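Quick look at run_7.cif (mmCIF, C-alpha atoms):
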data_input
#
loop_
_atom_site.label_atom_id
_atom_site.label_comp_id
_atom_site.auth_asym_id
_atom_site.auth_seq_id
_atom_site.Cartn_x
_atom_site.Cartn_y
_atom_site.Cartn_z
CA MET A 191 -65.11 51.29 -13.69
CA SER A 192 -68.76 52.18 -13.60
CA LEU A 193 -71.37 51.82 -16.30
CA SER A 194 -72.99 55.07 -17.40
CA TYR A 195 -76.40 55.04 -19.07
CA THR A 196 -77.82 58.08 -20.79
CA ARG A 197 -81.51 58.90 -20.89
CA ARG A 198 -82.17 58.28 -24.60
CA PRO A 199 -80.58 54.82 -25.05
CA LEU A 200 -82.17 53.61 -21.82
CA SER A 201 -85.60 54.77 -22.98
CA VAL A 202 -85.22 52.90 -26.27
CA LEU A 203 -83.99 49.80 -24.44
CA ARG A 204 -86.83 50.05 -21.91
CA ALA A 205 -89.35 49.63 -24.74
CA PHE A 206 -87.42 46.55 -25.89
CA LEU A 207 -87.39 45.13 -22.36
CA ASP A 208 -91.13 45.64 -21.97
CA ASN A 209 -91.92 43.92 -25.28
CA THR A 210 -89.56 41.04 -24.62
CA ALA A 211 -90.83 40.51 -21.08
CA SER A 212 -94.42 40.36 -22.32
CA GLY A 213 -93.33 37.94 -25.04
CA GLY A 214 -91.72 35.79 -22.37
CA LEU A 215 -95.02 35.46 -20.55
CA VAL A 216 -96.70 34.45 -23.82
CA LEU A 217 -93.92 31.91 -24.42
CA MET A 218 -94.49 30.38 -20.98
CA GLY A 219 -98.15 29.85 -21.78
CA VAL A 220 -97.42 28.44 -25.22
CA ALA A 221 -94.82 26.00 -23.87
CA ALA A 222 -97.27 24.73 -21.26
CA LEU A 223 -99.96 24.37 -23.92
CA ALA A 224 -97.62 22.38 -26.17
CA ILE A 225 -96.85 19.90 -23.37
CA ILE A 226 -100.57 19.52 -22.59
CA VAL A 227 -101.46 18.94 -26.26
CA ALA A 228 -98.60 16.46 -26.74
CA ASN A 229 -99.99 14.36 -23.87
CA SER A 230 -103.68 14.64 -24.76
CA PRO A 231 -105.94 12.91 -27.31
CA LEU A 232 -104.83 15.65 -29.74
CA ALA A 233 -101.25 14.33 -29.72
CA PRO A 234 -101.54 12.37 -33.00
CA VAL A 235 -102.85 15.46 -34.79
CA TYR A 236 -100.11 17.61 -33.22
CA PHE A 237 -97.21 15.37 -34.27
CA SER A 238 -98.62 14.42 -37.69
CA THR A 239 -99.14 18.10 -38.53
CA LEU A 240 -95.52 18.90 -37.68
CA SER A 241 -94.26 16.06 -39.89
CA ALA A 242 -96.60 16.86 -42.83
CA TYR A 243 -94.92 18.29 -45.92
CA VAL A 244 -95.84 21.64 -47.43
CA GLY A 245 -93.89 21.91 -50.65
CA PRO A 246 -90.24 20.84 -50.27
CA LEU A 247 -90.15 21.03 -46.46
CA SER A 248 -92.15 19.65 -43.56
CA VAL A 249 -94.09 22.00 -41.31
CA SER A 250 -91.45 21.46 -38.64
CA HIS A 251 -88.67 22.42 -41.06
CA TRP A 252 -90.56 25.50 -42.25
CA VAL A 253 -90.77 26.61 -38.62
CA ASN A 254 -87.19 25.76 -37.67
CA ASP A 255 -85.40 26.69 -40.90
CA ALA A 256 -87.51 29.49 -42.40
CA LEU A 257 -89.54 31.15 -39.66
CA MET A 258 -86.64 31.07 -37.22
CA ALA A 259 -84.48 32.86 -39.79
CA LEU A 260 -86.55 35.94 -38.86
CA PHE A 261 -85.65 35.37 -35.21
CA PHE A 262 -81.96 35.18 -36.09
CA LEU A 263 -82.33 38.27 -38.27
CA LEU A 264 -83.66 40.15 -35.24
CA VAL A 265 -80.89 38.71 -33.06
CA GLY A 266 -78.30 39.91 -35.58
CA LEU A 267 -79.85 43.38 -35.72
CA GLU A 268 -79.84 43.62 -31.90
CA ILE A 269 -76.22 42.46 -31.69
CA LYS A 270 -75.08 44.99 -34.29
CA ARG A 271 -77.04 47.87 -32.74
CA GLU A 272 -75.93 47.16 -29.19
CA MET A 273 -72.28 46.71 -30.22
CA LEU A 274 -72.10 49.88 -32.32
CA ASP A 275 -74.62 52.25 -30.78
CA GLY A 276 -76.04 50.77 -27.58
CA GLN A 277 -75.34 49.30 -24.18
CA LEU A 278 -72.36 47.30 -25.51
CA SER A 279 -70.77 50.10 -27.51
CA THR A 280 -67.80 50.59 -25.17
CA TRP A 281 -65.44 48.14 -23.50
CA SER A 282 -66.39 49.39 -20.05
CA ARG A 283 -69.96 48.31 -20.75
CA ARG A 284 -69.02 45.03 -22.39
CA ILE A 285 -66.62 43.61 -19.84
CA LEU A 286 -69.01 42.55 -17.04
CA PRO A 287 -71.76 40.95 -19.18
CA GLY A 288 -69.15 39.74 -21.67
CA VAL A 289 -67.04 37.83 -19.15
CA ALA A 290 -70.19 36.57 -17.40
CA ALA A 291 -71.59 35.34 -20.73
CA VAL A 292 -68.37 33.46 -21.54
CA GLY A 293 -68.34 31.86 -18.10
CA GLY A 294 -72.02 31.05 -18.55
CA MET A 295 -71.21 29.12 -21.71
CA VAL A 296 -67.99 27.37 -20.70
CA VAL A 297 -69.11 25.95 -17.33
CA PRO A 298 -72.46 24.49 -18.55
CA ALA A 299 -70.67 22.87 -21.50
CA ALA A 300 -68.08 21.40 -19.11
CA ILE A 301 -70.81 20.01 -16.82
CA PHE A 302 -72.62 18.47 -19.79
CA LEU A 303 -69.42 16.84 -21.05
CA ALA A 304 -68.63 15.53 -17.57
CA PHE A 305 -71.75 13.36 -17.96
CA ASN A 306 -71.43 12.54 -21.65
CA TRP A 307 -67.76 12.77 -22.71
CA SER A 308 -67.38 9.01 -23.23
CA ASP A 309 -70.16 8.83 -25.84
CA PRO A 310 -69.28 10.61 -29.13
CA LEU A 311 -72.95 10.84 -30.13
CA LEU A 312 -74.23 12.28 -26.85
CA SER A 313 -71.28 14.67 -26.58
CA ARG A 314 -72.61 16.44 -29.70
CA GLY A 315 -75.11 18.10 -27.39
CA TRP A 316 -72.47 19.98 -25.39
CA ALA A 317 -73.80 23.39 -26.50
CA ILE A 318 -77.43 22.75 -25.49
CA PRO A 319 -77.11 24.13 -21.92
CA THR A 320 -74.95 27.10 -22.93
CA ALA A 321 -77.87 29.28 -24.12
CA THR A 322 -79.99 31.84 -22.27
CA ASP A 323 -83.55 32.60 -23.36
CA ILE A 324 -83.85 36.38 -23.06
CA ALA A 325 -87.63 36.43 -23.56
CA PHE A 326 -88.32 33.77 -20.94
CA SER A 327 -85.91 35.22 -18.37
CA LEU A 328 -87.20 38.78 -18.80
CA GLY A 329 -90.71 37.40 -18.55
CA VAL A 330 -89.87 36.02 -15.10
CA LEU A 331 -88.29 39.35 -14.15
CA SER A 332 -91.45 41.19 -15.18
CA LEU A 333 -93.36 39.25 -12.50
CA LEU A 334 -91.11 40.82 -9.87
CA GLY A 335 -91.86 44.45 -10.80
CA ASN A 336 -89.56 47.01 -9.20
CA ARG A 337 -87.99 44.49 -6.82
CA VAL A 338 -85.25 44.05 -9.43
CA PRO A 339 -83.10 47.11 -10.25
CA THR A 340 -83.15 48.25 -13.86
CA SER A 341 -79.37 47.82 -13.93
CA LEU A 342 -79.79 44.05 -13.45
CA LYS A 343 -82.32 43.89 -16.28
CA LEU A 344 -79.80 45.70 -18.49
CA PHE A 345 -77.06 43.31 -17.33
CA LEU A 346 -79.22 40.28 -18.15
CA THR A 347 -80.17 41.72 -21.55
CA ALA A 348 -76.56 42.51 -22.48
CA LEU A 349 -75.41 39.08 -21.29
CA ALA A 350 -78.15 37.32 -23.28
CA ILE A 351 -77.26 39.27 -26.44
CA ILE A 352 -73.58 38.27 -26.13
CA ASP A 353 -74.79 34.74 -25.35
CA ASP A 354 -76.82 34.78 -28.58
CA LEU A 355 -73.72 35.87 -30.49
CA GLY A 356 -71.85 32.92 -29.02
CA ALA A 357 -74.69 30.56 -29.95
CA VAL A 358 -74.68 31.82 -33.54
CA ILE A 359 -70.94 31.18 -33.79
CA VAL A 360 -71.34 27.71 -32.26
CA ILE A 361 -74.13 26.79 -34.69
CA ALA A 362 -72.11 28.02 -37.67
CA LEU A 363 -68.94 26.18 -36.64
CA PHE A 364 -70.18 22.94 -35.07
CA TYR A 365 -73.67 22.19 -36.36
CA THR A 366 -73.36 22.24 -40.12
CA GLY A 367 -74.07 19.44 -42.57
CA ASN A 368 -72.15 18.42 -45.65
CA LEU A 369 -70.99 21.66 -47.20
CA SER A 370 -71.64 22.55 -50.82
CA LEU A 371 -68.85 24.80 -52.05
CA VAL A 372 -70.95 25.94 -55.02
CA TYR A 373 -73.81 27.21 -52.88
CA LEU A 374 -71.39 28.66 -50.34
CA ALA A 375 -69.66 30.60 -53.12
CA LEU A 376 -73.00 31.89 -54.42
CA ALA A 377 -74.00 32.88 -50.88
CA ALA A 378 -70.71 34.76 -50.51
CA VAL A 379 -71.47 36.65 -53.72
CA VAL A 380 -74.85 37.70 -52.32
CA VAL A 381 -73.27 38.83 -49.02
CA ALA A 382 -70.68 40.83 -50.99
CA SER A 383 -73.52 42.45 -52.96
CA LEU A 384 -75.31 43.35 -49.73
CA LEU A 385 -72.14 44.91 -48.32
CA ALA A 386 -71.61 46.84 -51.55
CA MET A 387 -75.15 48.20 -51.28
CA ASN A 388 -74.42 49.28 -47.72
CA ARG A 389 -71.18 51.02 -48.71
CA SER A 390 -72.82 52.75 -51.65
CA GLY A 391 -75.46 54.30 -49.42
CA VAL A 392 -78.55 52.27 -50.32
CA ARG A 393 -81.05 52.96 -47.55
CA ARG A 394 -84.24 51.33 -48.83
CA LEU A 395 -84.93 48.03 -47.10
CA GLU A 396 -86.60 46.29 -50.04
CA PRO A 397 -83.37 45.46 -51.96
CA TYR A 398 -81.77 44.07 -48.79
CA LEU A 399 -84.78 41.89 -47.98
CA LEU A 400 -85.03 40.62 -51.56
CA LEU A 401 -81.37 39.59 -51.61
CA GLY A 402 -81.83 38.26 -48.07
CA ALA A 403 -84.45 35.80 -49.33
CA VAL A 404 -82.02 34.64 -52.02
CA LEU A 405 -79.30 34.34 -49.38
CA TRP A 406 -81.56 32.19 -47.19
CA PHE A 407 -82.15 29.73 -50.05
CA LEU A 408 -78.45 29.50 -50.87
CA VAL A 409 -77.44 28.99 -47.24
CA LEU A 410 -80.16 26.33 -46.87
CA LYS A 411 -78.65 24.46 -49.81
CA SER A 412 -75.05 25.02 -48.69
CA GLY A 413 -75.13 22.77 -45.62
CA VAL A 414 -74.80 25.65 -43.14
CA HIS A 415 -78.00 26.00 -41.15
CA ALA A 416 -80.37 28.33 -43.01
CA THR A 417 -80.98 30.57 -40.00
CA ILE A 418 -77.41 31.86 -40.23
CA ALA A 419 -78.59 33.73 -43.32
CA GLY A 420 -80.65 35.94 -41.00
CA VAL A 421 -77.56 36.96 -39.05
CA LEU A 422 -75.51 37.59 -42.19
CA LEU A 423 -78.27 39.78 -43.61
CA ALA A 424 -78.54 41.72 -40.33
CA LEU A 425 -74.85 42.57 -40.35
CA THR A 426 -75.20 44.24 -43.76
CA ILE A 427 -78.18 46.47 -42.90
CA PRO A 428 -77.05 50.12 -42.61
CA LEU A 429 -76.96 51.56 -39.11
CA HIS A 430 -76.66 55.24 -38.35
CA PRO A 431 -76.19 56.43 -34.75
CA ALA A 432 -79.53 56.63 -32.95
CA PRO A 433 -80.82 60.23 -33.10
CA ALA A 434 -81.59 62.40 -30.12
CA LYS A 435 -85.33 62.31 -30.84
CA PRO A 436 -86.94 58.84 -30.80
CA ASP A 437 -89.26 59.92 -33.64
CA ASP A 438 -86.20 60.24 -35.89
CA MET A 439 -85.34 56.54 -35.57
CA ALA A 440 -87.13 55.86 -38.86
CA HIS A 441 -84.16 57.44 -40.66
CA SER A 442 -81.95 54.43 -39.83
CA PRO A 443 -82.66 51.31 -41.95
CA LEU A 444 -81.54 49.01 -39.14
CA HIS A 445 -83.77 50.70 -36.58
CA ARG A 446 -86.71 50.57 -38.99
CA LEU A 447 -86.29 46.87 -39.65
CA GLU A 448 -85.68 46.01 -36.01
CA HIS A 449 -88.74 47.98 -34.94
CA GLY A 450 -90.84 46.33 -37.65
CA LEU A 451 -89.71 42.81 -36.74
CA GLN A 452 -89.66 42.99 -32.97
CA LYS A 453 -93.32 42.40 -32.17
CA TRP A 454 -93.81 39.88 -34.97
CA VAL A 455 -90.86 37.83 -33.75
CA THR A 456 -91.70 38.23 -30.05
CA PHE A 457 -95.40 37.48 -30.27
CA LEU A 458 -95.64 35.20 -33.32
CA VAL A 459 -92.37 33.60 -34.47
CA ILE A 460 -91.01 32.55 -31.06
CA PRO A 461 -94.39 31.32 -29.73
CA ILE A 462 -94.91 29.24 -32.90
CA PHE A 463 -91.41 27.79 -32.51
CA GLY A 464 -92.07 27.11 -28.83
CA PHE A 465 -95.39 25.40 -29.55
CA ALA A 466 -93.85 23.30 -32.33
CA ASN A 467 -90.86 22.15 -30.30
CA ALA A 468 -91.78 22.14 -26.61
CA GLY A 469 -94.36 19.39 -26.99
CA VAL A 470 -92.79 16.40 -25.23
CA SER A 471 -94.87 13.24 -25.06
CA PHE A 472 -94.30 11.43 -21.78
CA ALA A 473 -96.09 8.31 -23.04
CA GLY A 474 -92.91 6.57 -24.14
CA LEU A 475 -90.69 7.95 -21.38
CA SER A 476 -90.00 6.30 -18.04
CA LEU A 477 -88.80 7.93 -14.85
CA GLY A 478 -85.43 6.40 -15.63
CA VAL A 479 -84.89 9.02 -18.31
CA LEU A 480 -84.39 11.58 -15.54
CA GLY A 481 -81.17 9.82 -14.57
CA ASP A 482 -79.83 9.41 -18.10
CA PRO A 483 -76.53 11.20 -18.79
CA LEU A 484 -78.06 13.34 -21.55
CA THR A 485 -80.95 14.56 -19.41
CA MET A 486 -78.74 15.12 -16.37
CA GLY A 487 -76.06 16.90 -18.39
CA VAL A 488 -78.55 19.33 -19.92
CA ALA A 489 -80.54 19.97 -16.73
CA LEU A 490 -77.54 20.44 -14.43
CA GLY A 491 -75.68 22.36 -17.11
CA LEU A 492 -78.50 24.91 -17.21
CA LEU A 493 -79.15 25.01 -13.46
CA ALA A 494 -75.73 24.64 -11.83
CA GLY A 495 -73.57 25.54 -14.81
CA LYS A 496 -75.16 28.91 -15.46
CA LEU A 497 -75.14 29.77 -11.74
CA ILE A 498 -71.48 28.91 -11.31
CA GLY A 499 -70.36 30.29 -14.66
CA VAL A 500 -72.27 33.57 -14.67
CA PHE A 501 -72.06 34.45 -10.98
CA GLY A 502 -68.49 33.20 -10.57
CA SER A 503 -67.22 35.12 -13.60
CA ALA A 504 -69.09 38.30 -12.66
CA TRP A 505 -67.87 38.09 -9.06
CA LEU A 506 -64.25 37.75 -10.19
CA VAL A 507 -64.54 40.75 -12.53
CA ILE A 508 -66.16 42.88 -9.82
CA ARG A 509 -63.69 41.83 -7.11
CA SER A 510 -60.77 42.55 -9.44
CA GLY A 511 -62.00 46.12 -9.91
CA LEU A 512 -62.47 45.81 -13.65
CA ALA A 513 -66.20 46.54 -13.30
CA ASP A 514 -68.67 47.61 -10.63
CA MET A 515 -71.65 45.73 -9.28
CA PRO A 516 -74.73 46.78 -11.32
CA MET A 517 -76.17 49.95 -9.78
CA GLY A 518 -78.63 49.35 -6.93
CA ALA A 519 -78.00 45.59 -6.86
CA GLY A 520 -76.64 43.27 -4.19
CA GLY A 521 -74.76 39.99 -4.34
CA LEU A 522 -77.81 37.82 -3.63
CA GLN A 523 -79.71 39.53 -6.44
CA LEU A 524 -76.81 38.75 -8.78
CA VAL A 525 -77.17 35.11 -7.74
CA GLY A 526 -80.85 35.26 -8.70
CA ILE A 527 -80.06 36.78 -12.08
CA SER A 528 -77.40 34.12 -12.66
CA LEU A 529 -80.00 31.44 -12.02
CA LEU A 530 -82.42 33.04 -14.48
CA CYS A 531 -79.69 32.74 -17.10
CA GLY A 532 -80.28 28.99 -16.77
CA ILE A 533 -83.60 29.37 -18.58
CA GLY A 534 -82.34 28.14 -21.92
CA PHE A 535 -85.62 27.35 -23.62
CA THR A 536 -85.69 28.73 -27.22
CA MET A 537 -82.03 28.56 -28.23
CA SER A 538 -81.41 25.36 -26.23
CA LEU A 539 -84.30 23.62 -28.00
CA PHE A 540 -82.95 24.86 -31.32
CA ILE A 541 -79.42 23.56 -30.66
CA GLY A 542 -80.85 20.26 -29.42
CA LEU A 543 -82.66 19.79 -32.72
CA LEU A 544 -79.42 20.42 -34.62
CA ALA A 545 -77.23 18.27 -32.38
CA PHE A 546 -79.46 15.20 -32.70
CA ALA A 547 -81.09 15.89 -36.07
CA ASP A 548 -81.27 12.18 -36.96
CA TYR A 549 -82.14 10.91 -33.48
CA PRO A 550 -85.69 11.87 -32.40
CA ALA A 551 -85.43 9.89 -29.15
CA LEU A 552 -82.35 11.88 -28.10
CA GLN A 553 -84.12 15.11 -29.05
CA GLU A 554 -86.92 14.17 -26.66
CA GLU A 555 -84.45 13.41 -23.86
CA ALA A 556 -82.73 16.73 -24.46
CA LYS A 557 -86.11 18.50 -24.30
CA VAL A 558 -86.84 16.87 -20.95
CA GLY A 559 -83.51 18.11 -19.62
CA ILE A 560 -84.15 21.60 -20.99
CA LEU A 561 -87.61 21.77 -19.42
CA ILE A 562 -86.42 20.49 -16.04
CA GLY A 563 -83.32 22.69 -15.92
CA SER A 564 -85.12 25.79 -17.18
CA LEU A 565 -88.06 25.32 -14.80
CA ALA A 566 -85.80 24.77 -11.79
CA ALA A 567 -83.60 27.75 -12.71
CA GLY A 568 -86.64 29.98 -13.23
CA VAL A 569 -88.33 29.02 -9.96
CA LEU A 570 -85.17 29.32 -7.85
CA GLY A 571 -84.14 32.56 -9.54
CA TYR A 572 -87.58 34.07 -8.99
CA ALA A 573 -87.63 32.98 -5.33
CA ILE A 574 -84.21 34.47 -4.58
CA LEU A 575 -85.02 37.76 -6.31
CA ARG A 576 -88.42 37.88 -4.63
CA PHE A 577 -87.02 37.60 -1.12
CA ALA A 578 -83.51 39.06 -1.54
CA PRO A 579 -82.99 41.90 0.98
CA ARG A 580 -83.09 45.34 -0.58
CA ASP A 581 -80.37 46.76 1.60
CA VAL A 582 -78.66 48.96 -0.98
CA PRO A 583 -79.50 52.55 -1.89
CA PRO A 584 -81.85 52.98 -4.88
CA PRO A 585 -80.40 54.42 -8.11
CA PRO A 586 -80.57 58.19 -8.63
CA ALA A 587 -83.91 59.67 -9.70
CA SER A 588 -82.55 60.61 -13.13
CA TYR A 589 -81.56 56.98 -13.70
CA ARG A 590 -84.95 55.59 -12.60
CA GLN A 591 -86.90 58.03 -14.75
CA ALA A 592 -85.01 57.22 -17.95
#
Translate this file's structure into structure tokens.
Amino acid sequence: MSLSYTRRPLSVLRAFLDNTASGGLVLMGVAALAIIVANSPLAPVYFSTLSAYVGPLSVSHWVNDALMALFFLLVGLEIKREMLDGQLSTWSRRILPGVAAVGGMVVPAAIFLAFNWSDPLLSRGWAIPTATDIAFSLGVLSLLGNRVPTSLKLFLTALAIIDDLGAVIVIALFYTGNLSLVYLALAAVVVASLLAMNRSGVRRLEPYLLLGAVLWFLVLKSGVHATIAGVLLALTIPLHPAPAKPDDMAHSPLHRLEHGLQKWVTFLVIPIFGFANAGVSFAGLSLGVLGDPLTMGVALGLLAGKLIGVFGSAWLVIRSGLADMPMGAGGLQLVGISLLCGIGFTMSLFIGLLAFADYPALQEEAKVGILIGSLAAGVLGYAILRFAPRDVPPPPASYRQA
């Protein structure tokens, strides 16, 4: 069961891949800068700024609850577009990345729990190593140029999008506070209004964004994490099938909003989040933290769990004949891609903050595990893809030119 890619969707997706890969390189630099600042004489200024209040929320909360709602809005738009009118629009295209994504969530969670199951508090972090950072992983792939077939980049992108969907569901179900039924009911009324606008043919974005701001406030007050409002809003934005001419994309409200948000989120929102949350101070940490169950569970969950879960699941699907190996790729290259899925940075940091919201010391340990696991997965994945033999025929010219 082969995957077929037409020229137009691939061209649109190629632009997305290029932007995201560039954003991944920016994110790498920002993460390194945050670690340097957090361990320099500027550390007191860095941490006091994040904890300072601006209005009702601290700077850290404005970043994690408000600014990241834009990230989740973009994630929701991408999920909806890909599911209805993109690379995940048919079951034949969903099965390989879908099964691989599920395996890449289940196995890392199992590895984490193997280290932490006996401690109810630590076990709250089971979802931290289940995430894949699409920007970071595509940034690593961009360093390899044409050594990696486009089909593998598409596979990684589709897998990461399904992974994001899983992360959104996990956050909504497992990382919520005390629920307020009043605010939840009001939020449901707003969502119903958004859906009614969609069904009645409202195509202007302004009414959706205005109600979206109201929805964010209500979700913030409801006990469900405020970023979920971004996903709910995205699912109500009208989508019309992508037109034959790329210039006509402006006619679809979802395409317009996604196009308008993409660079802002990629080059501003995610780097700000990364800078605000990747800064780990090693002053109060000893080498013993590397052997702590929380650190080990996160690091090995990302490194070994993603490799076993993604590659093992994909291999089973391919061997069973339900899907083909991505075009132009070999088994060793699939191993490299599976390792890159262990770069969990953005979403893993976000889940770590939610899992241990009242325990800053555990947040720091989780960050150490995320940094170690993501760095190891990125380096090993890059090395394997860099030196993997290219012993398979290249894809057809029409495929490469798309």
Inset, instruction - Figure out the distance between atom CA of Phe326 of chain A and atom CA of Ser442 of chain A, please, to one decimal in Å. - result: 28.7 Å
Inset, instruction - Pull the neighbourhood of (-80.0, 24.4, -16.0) for me: all residues within 8 Å in file coordinates, counting all atoms listed in the file, as a VMD selection string. - result: chain A and resid 298 319 488 to 496 532 to 534 560 562 to 564 566 to 567
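Between atom CA of Gly420 of chain A and atom CA of Ile462 of chain A lies a distance of 17.7 Å.
Compared by their closest atoms to Leu303 of chain A, and using all atoms listed in the file, the residues A:Leu539, A:Leu333, A:Val338, A:Ile318 rank with A:Ile318 nearest.
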Centre and edge lengths, as JSON, for the axis-aligned box enclosing every listed atom of segment 416-430 of chain A with 5 Å of padding on each of the six sides, in Å to one decimal?
{"center_x": -77.9, "center_y": 41.8, "center_z": -41.1, "size_x": 16.1, "size_y": 36.9, "size_z": 15.4}
Inset, instruction - Write out as a ChimeraX atom specification which residues come within 9 Å of Ile324 of chain A when counting only C-alpha atoms, dropping same-chain ones fewer than 4 positions away. - result: /A:210-211,214,328-329,346-347,350-351,531,533-534,536
Print the selection's residues with C-alpha atoms to a file, as a PDB file, keeping the file's coordinate frame.
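Result saved to result34.pdb:
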ATOM      1  CA  THR A 210     -89.560  41.040 -24.620  1.00  0.00           C
ATOM      2  CA  ALA A 211     -90.830  40.510 -21.080  1.00  0.00           C
ATOM      3  CA  GLY A 214     -91.720  35.790 -22.370  1.00  0.00           C
ATOM      4  CA  LEU A 328     -87.200  38.780 -18.800  1.00  0.00           C
ATOM      5  CA  GLY A 329     -90.710  37.400 -18.550  1.00  0.00           C
ATOM      6  CA  LEU A 346     -79.220  40.280 -18.150  1.00  0.00           C
ATOM      7  CA  THR A 347     -80.170  41.720 -21.550  1.00  0.00           C
ATOM      8  CA  ALA A 350     -78.150  37.320 -23.280  1.00  0.00           C
ATOM      9  CA  ILE A 351     -77.260  39.270 -26.440  1.00  0.00           C
ATOM     10  CA  CYS A 531     -79.690  32.740 -17.100  1.00  0.00           C
ATOM     11  CA  ILE A 533     -83.600  29.370 -18.580  1.00  0.00           C
ATOM     12  CA  GLY A 534     -82.340  28.140 -21.920  1.00  0.00           C
ATOM     13  CA  THR A 536     -85.690  28.730 -27.220  1.00  0.00           C
TER      14      THR A 536
END
Check what the PyMOL selection byres ((chain A and resi 271) around 12) selects in the file above and give those residues as a tab-separated table (two decimals) with C-alpha atoms, in the frame of the given file.
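Written out: out-v9.tsv:
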chain	number	residue	atom	x	y	z
A	199	PRO	CA	-80.58	54.82	-25.05
A	202	VAL	CA	-85.22	52.90	-26.27
A	203	LEU	CA	-83.99	49.80	-24.44
A	264	LEU	CA	-83.66	40.15	-35.24
A	265	VAL	CA	-80.89	38.71	-33.06
A	266	GLY	CA	-78.30	39.91	-35.58
A	267	LEU	CA	-79.85	43.38	-35.72
A	268	GLU	CA	-79.84	43.62	-31.90
A	269	ILE	CA	-76.22	42.46	-31.69
A	270	LYS	CA	-75.08	44.99	-34.29
A	272	GLU	CA	-75.93	47.16	-29.19
A	273	MET	CA	-72.28	46.71	-30.22
A	274	LEU	CA	-72.10	49.88	-32.32
A	275	ASP	CA	-74.62	52.25	-30.78
A	276	GLY	CA	-76.04	50.77	-27.58
A	277	GLN	CA	-75.34	49.30	-24.18
A	278	LEU	CA	-72.36	47.30	-25.51
A	279	SER	CA	-70.77	50.10	-27.51
A	348	ALA	CA	-76.56	42.51	-22.48
A	351	ILE	CA	-77.26	39.27	-26.44
A	424	ALA	CA	-78.54	41.72	-40.33
A	425	LEU	CA	-74.85	42.57	-40.35
A	426	THR	CA	-75.20	44.24	-43.76
A	427	ILE	CA	-78.18	46.47	-42.90
A	428	PRO	CA	-77.05	50.12	-42.61
A	429	LEU	CA	-76.96	51.56	-39.11
A	430	HIS	CA	-76.66	55.24	-38.35
A	431	PRO	CA	-76.19	56.43	-34.75
A	432	ALA	CA	-79.53	56.63	-32.95
A	442	SER	CA	-81.95	54.43	-39.83
A	443	PRO	CA	-82.66	51.31	-41.95
A	444	LEU	CA	-81.54	49.01	-39.14
A	445	HIS	CA	-83.77	50.70	-36.58
A	446	ARG	CA	-86.71	50.57	-38.99
A	447	LEU	CA	-86.29	46.87	-39.65
A	448	GLU	CA	-85.68	46.01	-36.01
A	449	HIS	CA	-88.74	47.98	-34.94
Inset, instruction - Within 7 Å of Leu497 of chain A, counting all atoms listed in the file, which residues show up once you throw out same-chain ones fewer than 4 positions away? Write them as a PyMOL selection string, please. - result: chain A and resi 493+501+525+528-529
Inset, instruction - Kindly resolve the PyMOL selection byres ((chain A and resi 261) around 9) on the present coordinates and return the residues as a ChimeraX atom specification. - result: /A:257-260,262-266,417,420,451-452,455-456,459-460
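Ranking A:Ser503, A:Thr340, A:Ser383, A:Ser250 by their shortest atom-to-atom distance to Ala519 of chain A, with all atoms listed in the file included, puts A:Thr340 first.
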Legend entry - All residues 8 Å or closer to Tyr373 of chain A, only C-alpha atoms, same chain fewer than 6 positions away omitted, as a ChimeraX atom specification: /A:408-409,411-412
Inset, instruction - Decode the PyMOL selection byres ((chain A and resi 556) around 12) for the given file into explicit residues and return them as a PyMOL selection string. - result: chain A and resi 302+312-319+467-468+470+479-480+482-492+534-535+538-547+549-555+557-564
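Proximity ranking of A:Arg284, A:Pro579, A:Val244, A:His441 relative to Leu522 of chain A places A:Pro579 first, based on all atoms listed in the file.
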